[in-house]
$ cat upload21.cif   # mmCIF, C-alpha atoms
data_target
#
loop_
_atom_site.label_atom_id
_atom_site.label_comp_id
_atom_site.auth_asym_id
_atom_site.auth_seq_id
_atom_site.Cartn_x
_atom_site.Cartn_y
_atom_site.Cartn_z
CA MET A 1 13.76 -19.00 -8.15
CA ASN A 2 15.94 -16.27 -6.68
CA ALA A 3 16.65 -12.86 -8.15
CA LYS A 4 18.81 -12.72 -11.24
CA ASN A 5 21.51 -10.18 -11.96
CA PRO A 6 20.29 -7.00 -13.68
CA VAL A 7 20.77 -7.03 -17.44
CA PRO A 8 20.73 -4.14 -19.92
CA THR A 9 17.35 -3.46 -21.48
CA THR A 10 18.77 -3.95 -24.97
CA ASN A 11 19.75 -7.55 -24.16
CA LEU A 12 16.70 -8.32 -22.08
CA SER A 13 15.06 -11.72 -22.07
CA LEU A 14 11.83 -11.03 -20.20
CA PRO A 15 9.86 -13.72 -18.42
CA LEU A 16 6.64 -14.99 -19.87
CA THR A 17 3.59 -12.94 -18.97
CA PRO A 18 2.04 -12.20 -16.65
CA TYR A 19 4.57 -10.14 -14.72
CA TYR A 20 4.54 -7.13 -12.45
CA LEU A 21 6.86 -4.35 -13.60
CA LEU A 22 8.07 -1.86 -11.00
CA ASP A 23 9.73 1.38 -12.07
CA GLU A 24 12.27 2.76 -9.62
CA ALA A 25 12.27 6.20 -11.24
CA ALA A 26 8.52 6.52 -10.63
CA ILE A 27 8.96 5.35 -7.04
CA VAL A 28 11.67 7.94 -6.44
CA ALA A 29 9.41 10.66 -7.85
CA ASN A 30 6.86 9.78 -5.17
CA MET A 31 9.59 9.57 -2.54
CA GLN A 32 10.71 13.10 -3.37
CA ILE A 33 7.21 14.42 -2.74
CA ILE A 34 7.07 12.59 0.58
CA ALA A 35 10.49 13.89 1.57
CA ARG A 36 9.42 17.43 0.69
CA LEU A 37 6.34 17.10 2.88
CA CYS A 38 8.46 15.85 5.77
CA GLU A 39 10.97 18.65 5.30
CA LEU A 40 8.28 21.33 5.38
CA SER A 41 6.21 19.85 8.20
CA GLY A 42 8.69 18.10 10.48
CA ALA A 43 6.68 14.88 10.15
CA LYS A 44 8.31 11.49 9.74
CA ALA A 45 7.14 9.05 7.06
CA LEU A 46 6.94 5.28 7.47
CA LEU A 47 6.26 2.89 4.59
CA ALA A 48 3.04 0.94 5.22
CA LEU A 49 4.05 -2.63 4.45
CA LYS A 50 0.43 -3.77 4.34
CA CYS A 51 0.19 -1.92 1.02
CA PHE A 52 3.61 -2.58 -0.48
CA ALA A 53 6.34 -4.90 0.76
CA THR A 54 8.40 -5.71 -2.33
CA TRP A 55 11.77 -5.34 -0.67
CA GLY A 56 13.67 -5.53 -3.96
CA VAL A 57 13.16 -1.77 -4.36
CA PHE A 58 13.68 -0.75 -0.73
CA ASP A 59 17.20 0.52 -1.43
CA VAL A 60 15.82 3.43 -3.49
CA MET A 61 13.09 4.15 -0.94
CA GLN A 62 15.16 4.05 2.21
CA PRO A 63 16.97 7.41 1.78
CA TYR A 64 13.62 9.24 1.72
CA LEU A 65 11.66 7.49 4.48
CA HIS A 66 12.15 7.18 8.22
CA GLY A 67 11.19 3.51 8.48
CA THR A 68 8.30 1.10 8.17
CA THR A 69 5.07 0.30 9.91
CA SER A 70 3.49 -3.12 10.02
CA SER A 71 0.31 -5.05 10.66
CA SER A 72 1.70 -8.42 11.73
CA LEU A 73 4.74 -10.22 13.10
CA ASN A 74 5.89 -11.15 9.60
CA GLU A 75 5.68 -7.55 8.41
CA VAL A 76 7.54 -6.08 11.38
CA ARG A 77 10.30 -8.63 10.89
CA LEU A 78 10.48 -7.87 7.18
CA GLY A 79 10.70 -4.15 7.89
CA TYR A 80 13.45 -4.69 10.45
CA GLU A 81 15.51 -6.99 8.27
CA THR A 82 15.16 -5.36 4.85
CA PHE A 83 14.41 -1.68 5.56
CA GLY A 84 15.54 -1.07 9.12
CA LYS A 85 18.88 -2.78 8.46
CA GLY A 86 19.11 -3.93 12.08
CA ARG A 87 19.50 -1.96 15.28
CA ASP A 88 23.22 -1.33 14.97
CA SER A 89 23.31 -0.13 11.38
CA GLU A 90 24.47 3.39 10.59
CA ASN A 91 21.40 3.67 8.39
CA LYS A 92 19.04 2.52 11.15
CA LYS A 93 15.40 3.23 10.39
CA GLU A 94 12.42 3.03 12.73
CA THR A 95 10.34 -0.12 12.79
CA HIS A 96 6.84 0.34 14.17
CA ALA A 97 4.80 -2.71 15.11
CA TYR A 98 1.02 -2.75 15.05
CA SER A 99 -1.55 -5.52 14.80
CA VAL A 100 -5.30 -5.68 15.20
CA ALA A 101 -4.60 -8.49 17.65
CA TYR A 102 -1.36 -10.13 18.79
CA SER A 103 -1.21 -13.65 20.14
CA ALA A 104 0.76 -14.09 23.35
CA ASP A 105 3.38 -16.26 21.66
CA GLU A 106 4.14 -13.53 19.07
CA ILE A 107 5.00 -10.73 21.49
CA PRO A 108 8.57 -11.73 22.41
CA GLU A 109 9.60 -11.90 18.76
CA VAL A 110 7.74 -8.71 17.82
CA LEU A 111 9.67 -6.89 20.55
CA GLU A 112 12.95 -8.13 19.08
CA TYR A 113 12.28 -6.07 15.96
CA ALA A 114 10.12 -3.13 17.09
CA ASP A 115 11.16 0.39 18.00
CA LYS A 116 7.57 1.13 18.97
CA ILE A 117 4.67 -1.24 19.53
CA ILE A 118 1.10 -0.02 19.04
CA PHE A 119 -1.80 -1.95 20.49
CA ASN A 120 -5.25 -1.90 18.96
CA SER A 121 -7.15 -2.14 22.24
CA ILE A 122 -6.73 -1.42 25.92
CA SER A 123 -7.14 -5.10 26.71
CA GLN A 124 -4.21 -5.99 24.46
CA LEU A 125 -2.20 -3.15 25.93
CA ASN A 126 -2.84 -4.37 29.48
CA ALA A 127 -1.92 -7.92 28.49
CA PHE A 128 1.46 -7.08 26.95
CA LYS A 129 2.61 -3.64 28.18
CA ASP A 130 4.86 -5.05 30.89
CA GLN A 131 6.83 -7.11 28.37
CA ALA A 132 7.37 -4.01 26.25
CA ALA A 133 8.36 -1.93 29.27
CA ALA A 134 10.89 -4.57 30.33
CA GLN A 135 12.67 -4.03 27.01
CA ASN A 136 12.24 -0.24 26.99
CA ILE A 137 10.05 -0.38 23.88
CA PRO A 138 7.71 2.66 23.70
CA VAL A 139 4.05 1.70 23.69
CA GLY A 140 1.22 3.27 21.70
CA LEU A 141 -2.53 2.78 21.40
CA ARG A 142 -4.78 3.05 18.37
CA LEU A 143 -7.56 5.62 18.72
CA ASN A 144 -10.79 5.60 16.74
CA PRO A 145 -12.41 9.04 16.42
CA LYS A 146 -15.54 7.35 14.97
CA THR A 147 -15.29 9.53 11.88
CA SER A 148 -13.35 8.90 8.70
CA ASN A 149 -12.67 9.84 5.10
CA SER A 150 -13.44 6.61 3.25
CA SER A 151 -15.72 5.93 0.31
CA PHE A 152 -15.81 2.19 0.96
CA ILE A 153 -17.55 0.60 3.93
CA ILE A 154 -15.18 -2.37 3.72
CA ALA A 155 -12.21 -0.04 4.35
CA ASP A 156 -13.92 2.34 6.77
CA PRO A 157 -12.32 2.13 10.23
CA ALA A 158 -15.26 4.13 11.63
CA ARG A 159 -17.87 1.70 10.31
CA PRO A 160 -20.57 0.61 12.77
CA PHE A 161 -19.27 -1.69 15.51
CA SER A 162 -15.68 -1.13 14.39
CA ARG A 163 -12.98 -3.04 16.27
CA LEU A 164 -10.22 -0.73 15.02
CA GLY A 165 -9.04 1.27 18.00
CA GLU A 166 -10.41 2.74 21.21
CA HIS A 167 -12.84 5.65 21.28
CA ASN A 168 -13.89 6.05 24.94
CA LYS A 169 -11.99 9.06 26.23
CA ASP A 170 -12.29 8.15 29.90
CA SER A 171 -10.90 4.68 29.27
CA ILE A 172 -8.03 6.12 27.24
CA ALA A 173 -7.23 8.72 29.90
CA ALA A 174 -6.97 5.96 32.48
CA ILE A 175 -4.05 4.28 30.70
CA LEU A 176 -2.11 7.38 29.61
CA LYS A 177 0.71 6.52 32.01
CA ASP A 178 1.34 3.37 29.97
CA ILE A 179 1.68 4.94 26.51
CA THR A 180 3.91 7.49 24.83
CA GLY A 181 1.82 7.98 21.69
CA VAL A 182 -1.20 7.06 19.63
CA MET A 183 -2.01 6.00 16.09
CA ILE A 184 -5.11 7.33 14.32
CA HIS A 185 -5.77 5.89 10.86
CA ASN A 186 -9.05 7.14 9.43
CA ASN A 187 -8.29 8.12 5.83
CA CYS A 188 -8.60 6.02 2.67
CA GLU A 189 -7.58 7.45 -0.72
CA ASN A 190 -8.46 10.90 0.61
CA ASP A 191 -7.27 13.51 -1.90
CA SER A 192 -9.10 16.43 -0.27
CA PHE A 193 -6.98 18.62 1.98
CA ASP A 194 -10.08 20.31 3.36
CA ALA A 195 -11.60 16.97 4.33
CA PHE A 196 -8.37 15.91 6.02
CA SER A 197 -8.05 19.21 7.88
CA GLU A 198 -11.65 19.08 9.09
CA SER A 199 -11.17 15.51 10.23
CA LEU A 200 -8.02 16.45 12.14
CA ALA A 201 -9.88 19.35 13.77
CA ASP A 202 -12.54 16.87 14.91
CA ILE A 203 -9.82 14.69 16.42
CA GLU A 204 -8.43 17.71 18.26
CA VAL A 205 -11.83 18.51 19.73
CA LYS A 206 -12.33 14.94 20.90
CA PHE A 207 -8.84 14.11 22.12
CA GLY A 208 -6.91 17.38 22.37
CA ASP A 209 -6.19 17.19 26.12
CA ILE A 210 -4.98 13.61 25.65
CA LEU A 211 -2.73 14.56 22.74
CA GLN A 212 -1.02 17.20 24.88
CA GLN A 213 0.24 14.46 27.20
CA LEU A 214 1.89 12.40 24.46
CA GLU A 215 5.26 12.35 22.71
CA TRP A 216 4.15 11.24 19.25
CA VAL A 217 1.04 10.85 17.10
CA SER A 218 0.78 8.77 13.95
CA LEU A 219 -1.92 9.99 11.57
CA GLY A 220 -1.73 6.83 9.49
CA GLY A 221 -1.96 6.60 5.74
CA GLY A 222 -4.62 7.05 3.08
CA ILE A 223 -3.80 10.73 2.49
CA HIS A 224 -3.38 11.06 -1.27
CA PHE A 225 -1.08 14.06 -1.16
CA ILE A 226 0.80 13.06 -4.31
CA ALA A 227 -2.30 13.74 -6.42
CA PRO A 228 -1.87 16.47 -9.04
CA HIS A 229 -2.64 19.91 -7.66
CA TYR A 230 -2.80 18.67 -4.05
CA PRO A 231 -1.86 21.66 -1.82
CA LEU A 232 1.24 20.06 -0.32
CA GLU A 233 2.37 23.24 1.40
CA GLN A 234 -0.99 23.66 3.12
CA LEU A 235 -0.85 20.08 4.35
CA ALA A 236 2.68 20.63 5.63
CA GLU A 237 1.66 23.76 7.50
CA ARG A 238 -1.37 21.99 8.99
CA LEU A 239 0.82 19.14 10.24
CA LYS A 240 3.47 21.51 11.58
CA THR A 241 0.86 23.56 13.46
CA PHE A 242 -0.64 20.38 14.93
CA SER A 243 2.78 19.13 15.99
CA THR A 244 3.70 22.42 17.65
CA LYS A 245 0.36 22.85 19.37
CA TYR A 246 0.51 19.49 21.12
CA GLY A 247 4.27 19.10 21.37
CA VAL A 248 4.30 15.79 19.50
CA GLN A 249 6.30 14.16 16.75
CA VAL A 250 3.91 13.49 13.87
CA TYR A 251 4.22 10.31 11.85
CA LEU A 252 2.59 9.56 8.50
CA GLU A 253 2.23 6.06 7.05
CA PRO A 254 2.13 6.40 3.25
CA GLY A 255 1.37 3.18 1.42
CA GLU A 256 -0.32 3.90 -1.90
CA ALA A 257 1.26 7.37 -1.93
CA SER A 258 4.68 5.74 -1.94
CA ILE A 259 4.21 3.69 -5.10
CA HIS A 260 1.25 5.20 -6.96
CA GLY A 261 1.80 4.99 -10.72
CA ALA A 262 5.02 3.00 -10.25
CA GLY A 263 3.80 -0.48 -11.11
CA THR A 264 2.13 -2.20 -14.03
CA LEU A 265 0.86 -5.71 -14.71
CA VAL A 266 1.82 -6.98 -18.16
CA THR A 267 -0.49 -9.63 -19.66
CA THR A 268 -1.11 -11.43 -22.93
CA VAL A 269 -4.43 -12.07 -24.68
CA LEU A 270 -5.19 -15.79 -24.72
CA ASP A 271 -8.65 -15.82 -26.30
CA THR A 272 -11.33 -13.60 -27.80
CA MET A 273 -15.09 -14.12 -27.98
CA TYR A 274 -18.23 -12.15 -28.75
CA ASN A 275 -21.36 -12.04 -26.61
CA GLU A 276 -23.10 -8.77 -27.45
CA LYS A 277 -19.75 -7.10 -26.78
CA ASN A 278 -16.13 -7.94 -27.53
CA LEU A 279 -14.77 -10.30 -24.89
CA VAL A 280 -11.09 -10.88 -24.21
CA VAL A 281 -9.36 -13.28 -21.82
CA VAL A 282 -5.82 -12.49 -20.65
CA ASP A 283 -3.34 -14.74 -18.86
CA SER A 284 -3.81 -13.06 -15.49
CA SER A 285 -6.63 -12.72 -12.95
CA ILE A 286 -7.90 -9.95 -10.71
CA GLU A 287 -8.93 -12.60 -8.17
CA ALA A 288 -5.32 -13.76 -7.98
CA HIS A 289 -3.20 -10.77 -9.00
CA MET A 290 -5.14 -7.50 -8.50
CA LEU A 291 -7.56 -8.51 -5.77
CA ASP A 292 -8.47 -4.96 -4.74
CA LEU A 293 -10.25 -4.51 -8.07
CA LEU A 294 -12.61 -7.29 -7.07
CA ILE A 295 -13.02 -6.15 -3.47
CA TYR A 296 -13.78 -2.54 -4.36
CA ARG A 297 -15.54 -3.25 -7.68
CA GLU A 298 -13.15 -1.07 -9.63
CA SER A 299 -11.54 -1.30 -13.06
CA ALA A 300 -7.87 -1.35 -13.96
CA PRO A 301 -6.55 1.46 -16.17
CA ILE A 302 -4.86 0.33 -19.35
CA VAL A 303 -1.54 2.08 -19.95
CA ALA A 304 -0.41 0.26 -23.06
CA VAL A 305 -1.56 -2.16 -25.76
CA ASN A 306 1.09 -3.89 -27.86
CA SER A 307 3.78 -1.50 -26.65
CA ASP A 308 7.20 -2.18 -25.20
CA ALA A 309 6.08 -2.43 -21.58
CA ILE A 310 9.63 -2.04 -20.31
CA ASN A 311 10.12 1.33 -21.95
CA ILE A 312 6.78 2.94 -21.16
CA ALA A 313 7.56 6.33 -19.64
CA PRO A 314 6.85 6.43 -15.90
CA LEU A 315 3.32 7.70 -15.41
CA ASP A 316 1.37 9.03 -12.44
CA ILE A 317 -1.76 7.20 -13.49
CA ASP A 318 -5.06 8.59 -12.28
CA PRO A 319 -7.79 6.04 -13.05
CA THR A 320 -10.34 8.84 -13.42
CA ASN A 321 -8.38 10.10 -16.42
CA ILE A 322 -8.32 6.70 -18.14
CA ALA A 323 -11.98 5.89 -18.23
CA PRO A 324 -13.14 2.28 -18.36
CA ILE A 325 -16.70 2.25 -19.65
CA SER A 326 -19.37 2.03 -16.97
CA GLU A 327 -21.38 -1.14 -16.59
CA ASN A 328 -24.56 0.36 -18.02
CA THR A 329 -23.05 1.36 -21.35
CA GLU A 330 -24.90 0.16 -24.46
CA SER A 331 -22.01 0.23 -26.93
CA ALA A 332 -21.47 -3.13 -28.63
CA ASP A 333 -17.99 -1.99 -29.74
CA ASN A 334 -16.66 -1.93 -26.22
CA THR A 335 -14.24 -4.59 -25.03
CA ILE A 336 -14.56 -6.37 -21.70
CA ILE A 337 -11.25 -7.81 -20.53
CA TYR A 338 -11.57 -10.89 -18.35
CA GLY A 339 -9.10 -12.78 -16.23
CA ARG A 340 -8.51 -16.45 -16.86
CA SER A 341 -9.84 -17.81 -13.56
CA CYS A 342 -13.20 -19.57 -13.33
CA LEU A 343 -14.73 -16.70 -11.34
CA ALA A 344 -17.48 -15.19 -13.49
CA GLY A 345 -16.73 -11.72 -12.20
CA ASP A 346 -12.99 -11.88 -12.87
CA ILE A 347 -13.08 -8.66 -14.92
CA PHE A 348 -10.30 -6.11 -15.36
CA GLY A 349 -12.75 -3.64 -16.87
CA GLU A 350 -14.67 -2.53 -19.93
CA TYR A 351 -12.96 -0.23 -22.40
CA THR A 352 -13.22 1.64 -25.66
CA LEU A 353 -10.16 0.62 -27.65
CA ALA A 354 -8.82 1.96 -30.92
CA ASN A 355 -8.35 -1.54 -32.31
CA THR A 356 -9.90 -4.93 -31.63
CA LEU A 357 -7.65 -7.09 -29.49
CA LYS A 358 -6.48 -10.41 -30.87
CA VAL A 359 -4.77 -13.48 -29.44
CA GLY A 360 -1.13 -12.73 -28.62
CA ASP A 361 -1.61 -9.01 -28.02
CA ALA A 362 0.03 -7.51 -24.94
CA VAL A 363 -2.15 -5.53 -22.54
CA THR A 364 -0.48 -3.57 -19.73
CA PHE A 365 -2.58 -2.48 -16.75
CA GLY A 366 -1.60 0.42 -14.50
CA ASN A 367 -1.65 1.03 -10.75
CA ALA A 368 -0.46 -2.50 -10.13
CA ALA A 369 1.93 -1.94 -7.21
CA GLY A 370 -0.16 -1.14 -4.14
CA TYR A 371 -2.26 -3.91 -2.58
CA THR A 372 -1.39 -6.29 -5.41
CA MET A 373 1.80 -8.22 -4.70
CA VAL A 374 0.99 -8.33 -0.99
CA LYS A 375 -2.34 -10.00 -1.84
CA LYS A 376 -1.42 -12.24 -4.77
CA ASN A 377 -2.55 -15.83 -4.43
CA TRP A 378 -2.70 -19.14 -6.23
CA PHE A 379 -6.45 -19.27 -6.94
CA ASN A 380 -7.16 -21.83 -9.67
CA GLY A 381 -3.42 -22.50 -9.79
CA VAL A 382 -3.12 -19.57 -12.21
CA ASN A 383 0.54 -18.76 -12.92
CA MET A 384 1.92 -16.27 -10.43
CA PRO A 385 3.29 -13.10 -12.10
CA ALA A 386 7.03 -12.67 -11.99
CA ILE A 387 8.34 -9.50 -10.36
CA VAL A 388 10.44 -7.37 -12.72
CA ILE A 389 12.17 -4.13 -11.74
CA ARG A 390 13.38 -1.36 -14.00
CA ARG A 391 16.26 0.15 -12.04
CA LEU A 392 17.21 3.82 -11.96
CA ASP A 393 19.99 3.21 -14.48
CA GLY A 394 17.56 1.60 -16.94
CA THR A 395 18.73 -1.96 -16.41
CA ILE A 396 16.15 -4.65 -15.83
CA ASP A 397 16.21 -7.00 -12.86
CA ILE A 398 14.02 -10.08 -12.96
CA GLN A 399 13.67 -10.08 -9.20
CA ARG A 400 11.56 -13.19 -8.74
CA GLU A 401 9.89 -15.86 -10.85
CA PHE A 402 7.45 -18.49 -9.58
CA ASP A 403 6.82 -22.02 -10.76
CA TYR A 404 4.88 -25.16 -9.99
CA GLN A 405 7.06 -25.97 -7.00
CA ASP A 406 6.10 -22.63 -5.42
CA TYR A 407 2.44 -23.44 -6.01
CA LYS A 408 2.84 -26.91 -4.55
CA ALA A 409 4.79 -25.60 -1.55
CA SER A 410 2.02 -23.12 -0.76
CA LEU A 411 -0.30 -26.03 -0.05
CA SER A 412 0.32 -29.23 1.88
#
$ encode --input "upload21.cif" --output "structure tokens"
Amino acid sequence: MNAKNPVPTTNLSLPLTPYYLLDEAAIVANMQIIARLCELSGAKALLALKCFATWGVFDVMQPYLHGTTSSSLNEVRLGYETFGKGRDSENKKETHAYSVAYSADEIPEVLEYADKIIFNSISQLNAFKDQAAAQNIPVGLRLNPKTSNSSFIIADPARPFSRLGEHNKDSIAAILKDITGVMIHNNCENDSFDAFSESLADIEVKFGDILQQLEWVSLGGGIHFIAPHYPLEQLAERLKTFSTKYGVQVYLEPGEASIHGAGTLVTTVLDTMYNEKNLVVVDSSIEAHMLDLLIYRESAPIVAVNSDAINIAPLDIDPTNIAPISENTESADNTIIYGRSCLAGDIFGEYTLANTLKVGDAVTFGNAAGYTMVKKNWFNGVNMPAIVIRRLDGTIDIQREFDYQDYKASLS
């Protein structure tokens, strides 16, 4: 089903739960922080589509960002068509193409959309650099400094035997004539300026003479500079000094930072049980709709119970401030909220709630924008959440609903 026309909140007929709710005002608040960082530092910011690619809100993001960066042919095309607005548009934005590995048949189409193409390895660069050069597309290479700021081994690009980028300085120096820049992505949810600065200093020690021969350097994403009390001005000065020292244009690739606190997942309680603790089953699933919770063994913050989800004030939700109970708690009054899939570990979290949940209650989970919609799937055939957008003027746009035909079409 295609997007419907926006309707006033007062006359709203919302879809059945579950649905994702995106708040444009909260997105713009993040955009303003990103724009401020770029203004102070001279860096350019590219939306990381691997984290968030819901193009229905790109119109409010585009004025603040310089373009998009991608991880596949599909993403680079999406960025070009929906954010870049095409090569001849007055509002042309940059479209950076990256992939861990391209197939030979993808390259011609990737080059149709890309303003820069970044290869993950020297072997891929050697295989495809001539095609890029023939179309005057600048070429970059991913570097791996073999250090990172990541608390999760699954997301650590510097993990043992990592395939993510080149680290041998002699090998990199040998192909410098073929590249104009490099991408270094070694942060994940890093909210420490000191840790970032020390990591960047390490990169300078390892690759400084290489950086001086380049035109641009992307420092990737995973820098949580929108966190409360983050020293934004210090970060800006650090980036500006780095840019001046090496004579390069710095790029950042904010994903989570672009949409943190701007999305919720609205669900309904379908069943309640008791097994030493209160158990609740909602009409959603972390396996299908918030997969990162399962991958990283985290809990979803609850932002509302039985409230008007549409009119919840935009929040910058820090999960550490909304504390799901740890797994070793002994309280029998706690409530464990489960998803409806057959996976035993389909658990949104364990919580202390003011009131016992009952069938029909609405439960709204926070931080449901990044790495959610891009990963949603049809596991168990569980209903796919609709995508609902609260626009800047307060109107509600039911951007997309899914039905059985979508489920059937996803298979064969």
$ residues_around --input "upload21.cif" --residues "Phe379 (chain A)" --least-positions-apart "2" --cutoff "12 Å" --atoms "all atoms listed in the file" --output "list of chain:residue names"
A:Ser284, A:Ser285, A:Ile286, A:Glu287, A:Ala288, A:His289, A:Met290, A:Leu291, A:Gly339, A:Arg340, A:Ser341, A:Cys342, A:Leu343, A:Asp346, A:Lys375, A:Lys376, A:Asn377, A:Gly381, A:Val382, A:Asn383, A:Met384, A:Tyr407, A:Ser410, A:Leu411
$ closest_residue --input "upload21.cif" --among "A:Ile107, A:Ala368, A:Met273, A:Ile336" --to "Leu293 (chain A)" --atoms "only C-alpha atoms"
A:Ala368
$ residues_near_point --input "upload21.cif" --point "(12.8, 3.0, 10.3)" --cutoff "10 Å" --atoms "all atoms listed in the file" --output "list in words"
Lys44, Ala45, Leu46, Leu47, Gln62, Leu65, His66, Gly67, Thr68, Thr69, Gly79, Tyr80, Phe83, Gly84, Lys85, Gly86, Arg87, Asn91, Lys92, Lys93, Glu94, Thr95, His96, Ala114 and Asp115 of chain A
$ residues_around --input "upload21.cif" --residues "region 11-22 of chain A" --least-positions-apart "3" --cutoff "6 Å" --atoms "only C-alpha atoms" --output "PDB file with C-alpha atoms, in the coordinates of the input"
ATOM      1  CA  PRO A   8      20.730  -4.140 -19.920  1.00  0.00           C
ATOM      2  CA  ALA A 262       5.020   3.000 -10.250  1.00  0.00           C
ATOM      3  CA  GLY A 263       3.800  -0.480 -11.110  1.00  0.00           C
ATOM      4  CA  THR A 264       2.130  -2.200 -14.030  1.00  0.00           C
ATOM      5  CA  LEU A 265       0.860  -5.710 -14.710  1.00  0.00           C
ATOM      6  CA  VAL A 266       1.820  -6.980 -18.160  1.00  0.00           C
ATOM      7  CA  THR A 267      -0.490  -9.630 -19.660  1.00  0.00           C
ATOM      8  CA  PRO A 385       3.290 -13.100 -12.100  1.00  0.00           C
ATOM      9  CA  ALA A 386       7.030 -12.670 -11.990  1.00  0.00           C
ATOM     10  CA  ILE A 387       8.340  -9.500 -10.360  1.00  0.00           C
ATOM     11  CA  VAL A 388      10.440  -7.370 -12.720  1.00  0.00           C
ATOM     12  CA  ILE A 389      12.170  -4.130 -11.740  1.00  0.00           C
TER      13      ILE A 389
END
$ closest_residue --input "upload21.cif" --among "A:Ala362, A:Ile398, A:Ala29, A:Ile203" --to "Val281 (chain A)" --atoms "only C-alpha atoms"
A:Ala362
$ atom_distance --input "upload21.cif" --atom1 "CA of Ser307 (chain A)" --atom2 "CA of Asp23 (chain A)"
16.0 Å
$ closest_residue --input "upload21.cif" --among "A:Lys146, A:Asp178, A:Leu239, A:Pro108" --to "Lys129 (chain A)" --atoms "all atoms listed in the file"
A:Asp178
$ atom_distance --input "upload21.cif" --atom1 "CA of Phe128 (chain A)" --atom2 "CA of Leu143 (chain A)"
17.6 Å
$ residues_near_point --input "upload21.cif" --point "(-1.9, -2.2, -0.9)" --cutoff "10 Å" --atoms "all atoms listed in the file" --output "list in words"
Ala48, Leu49, Lys50, Cys51, Phe52, Ala53, Gly255, Glu256, Ile259, Met290, Leu291, Asp292, Ala368, Ala369, Gly370, Tyr371, Thr372, Met373, Val374 and Lys375 of chain A
$ atom_distance --input "upload21.cif" --atom1 "CA of Val280 (chain A)" --atom2 "CA of Asp333 (chain A)"
12.5 Å
$ closest_residue --input "upload21.cif" --among "A:Arg163, A:Met31, A:Leu37, A:Asp202" --to "Asp59 (chain A)" --atoms "all atoms listed in the file"
A:Met31
$ resolve_selection --input "upload21.cif" --expression "the PyMOL selection byres ((chain A and resi 230) around 12)" --output "MDAnalysis selection string"
chainID A and resid 33 37 190:194 196 223:229 231:236
$ residues_around --input "upload21.cif" --residues "Lys206 (chain A)" --least-positions-apart "2" --cutoff "12 Å" --atoms "only C-alpha atoms" --output "ChimeraX atom specification"
/A:143-147,167-170,172,199-204,208-211
$ residues_around --input "upload21.cif" --residues "Lys177 (chain A)" --least-positions-apart "3" --cutoff "12 Å" --atoms "all atoms listed in the file" --output "PyMOL selection string"
chain A and resi 125-126+129+133+138-141+172-174+180-181+210+213-215
$ closest_residue --input "upload21.cif" --among "A:Leu357, A:Ser123, A:Tyr64, A:Ser258" --to "Tyr274 (chain A)" --atoms "all atoms listed in the file"
A:Leu357
$ closest_residue --input "upload21.cif" --among "A:Asp156, A:Gly261, A:Ser171, A:Met183" --to "Ser99 (chain A)" --atoms "only C-alpha atoms"
A:Met183
$ resolve_selection --input "upload21.cif" --expression "the PyMOL selection byres ((chain A and resi 334) around 7)" --output "PDB file with C-alpha atoms, in the frame of the given file"
ATOM      1  CA  LYS A 277     -19.750  -7.100 -26.780  1.00  0.00           C
ATOM      2  CA  ASN A 278     -16.130  -7.940 -27.530  1.00  0.00           C
ATOM      3  CA  SER A 331     -22.010   0.230 -26.930  1.00  0.00           C
ATOM      4  CA  ALA A 332     -21.470  -3.130 -28.630  1.00  0.00           C
ATOM      5  CA  ASP A 333     -17.990  -1.990 -29.740  1.00  0.00           C
ATOM      6  CA  THR A 335     -14.240  -4.590 -25.030  1.00  0.00           C
ATOM      7  CA  ILE A 336     -14.560  -6.370 -21.700  1.00  0.00           C
ATOM      8  CA  GLU A 350     -14.670  -2.530 -19.930  1.00  0.00           C
ATOM      9  CA  TYR A 351     -12.960  -0.230 -22.400  1.00  0.00           C
ATOM     10  CA  THR A 352     -13.220   1.640 -25.660  1.00  0.00           C
TER      11      THR A 352
END
$ residues_around --input "upload21.cif" --residues "Lys358 (chain A)" --least-positions-apart "6" --cutoff "9 Å" --atoms "all atoms listed in the file" --output "ChimeraX atom specification"
/A:269-272,280
$ decode --input "upload21.cif" --residues "region 239-250 of chain A" --atoms "C-alpha atoms" --output "mmCIF file, in the first residue's frame"
data_model
loop_
_atom_site.group_PDB
_atom_site.id
_atom_site.type_symbol
_atom_site.label_atom_id
_atom_site.label_comp_id
_atom_site.auth_asym_id
_atom_site.auth_seq_id
_atom_site.Cartn_x
_atom_site.Cartn_y
_atom_site.Cartn_z
ATOM 1 C CA LEU A 239 38.202 17.953 13.368
ATOM 2 C CA LYS A 240 39.138 21.410 12.093
ATOM 3 C CA THR A 241 42.729 21.016 13.301
ATOM 4 C CA PHE A 242 42.955 17.590 11.665
ATOM 5 C CA SER A 243 41.564 18.944 8.400
ATOM 6 C CA THR A 244 43.979 21.873 8.339
ATOM 7 C CA LYS A 245 47.001 19.815 9.304
ATOM 8 C CA TYR A 246 46.589 17.353 6.451
ATOM 9 C CA GLY A 247 44.866 19.616 3.947
ATOM 10 C CA VAL A 248 41.841 17.326 3.599
ATOM 11 C CA GLN A 249 38.086 17.665 3.507
ATOM 12 C CA VAL A 250 36.722 15.721 6.475
#
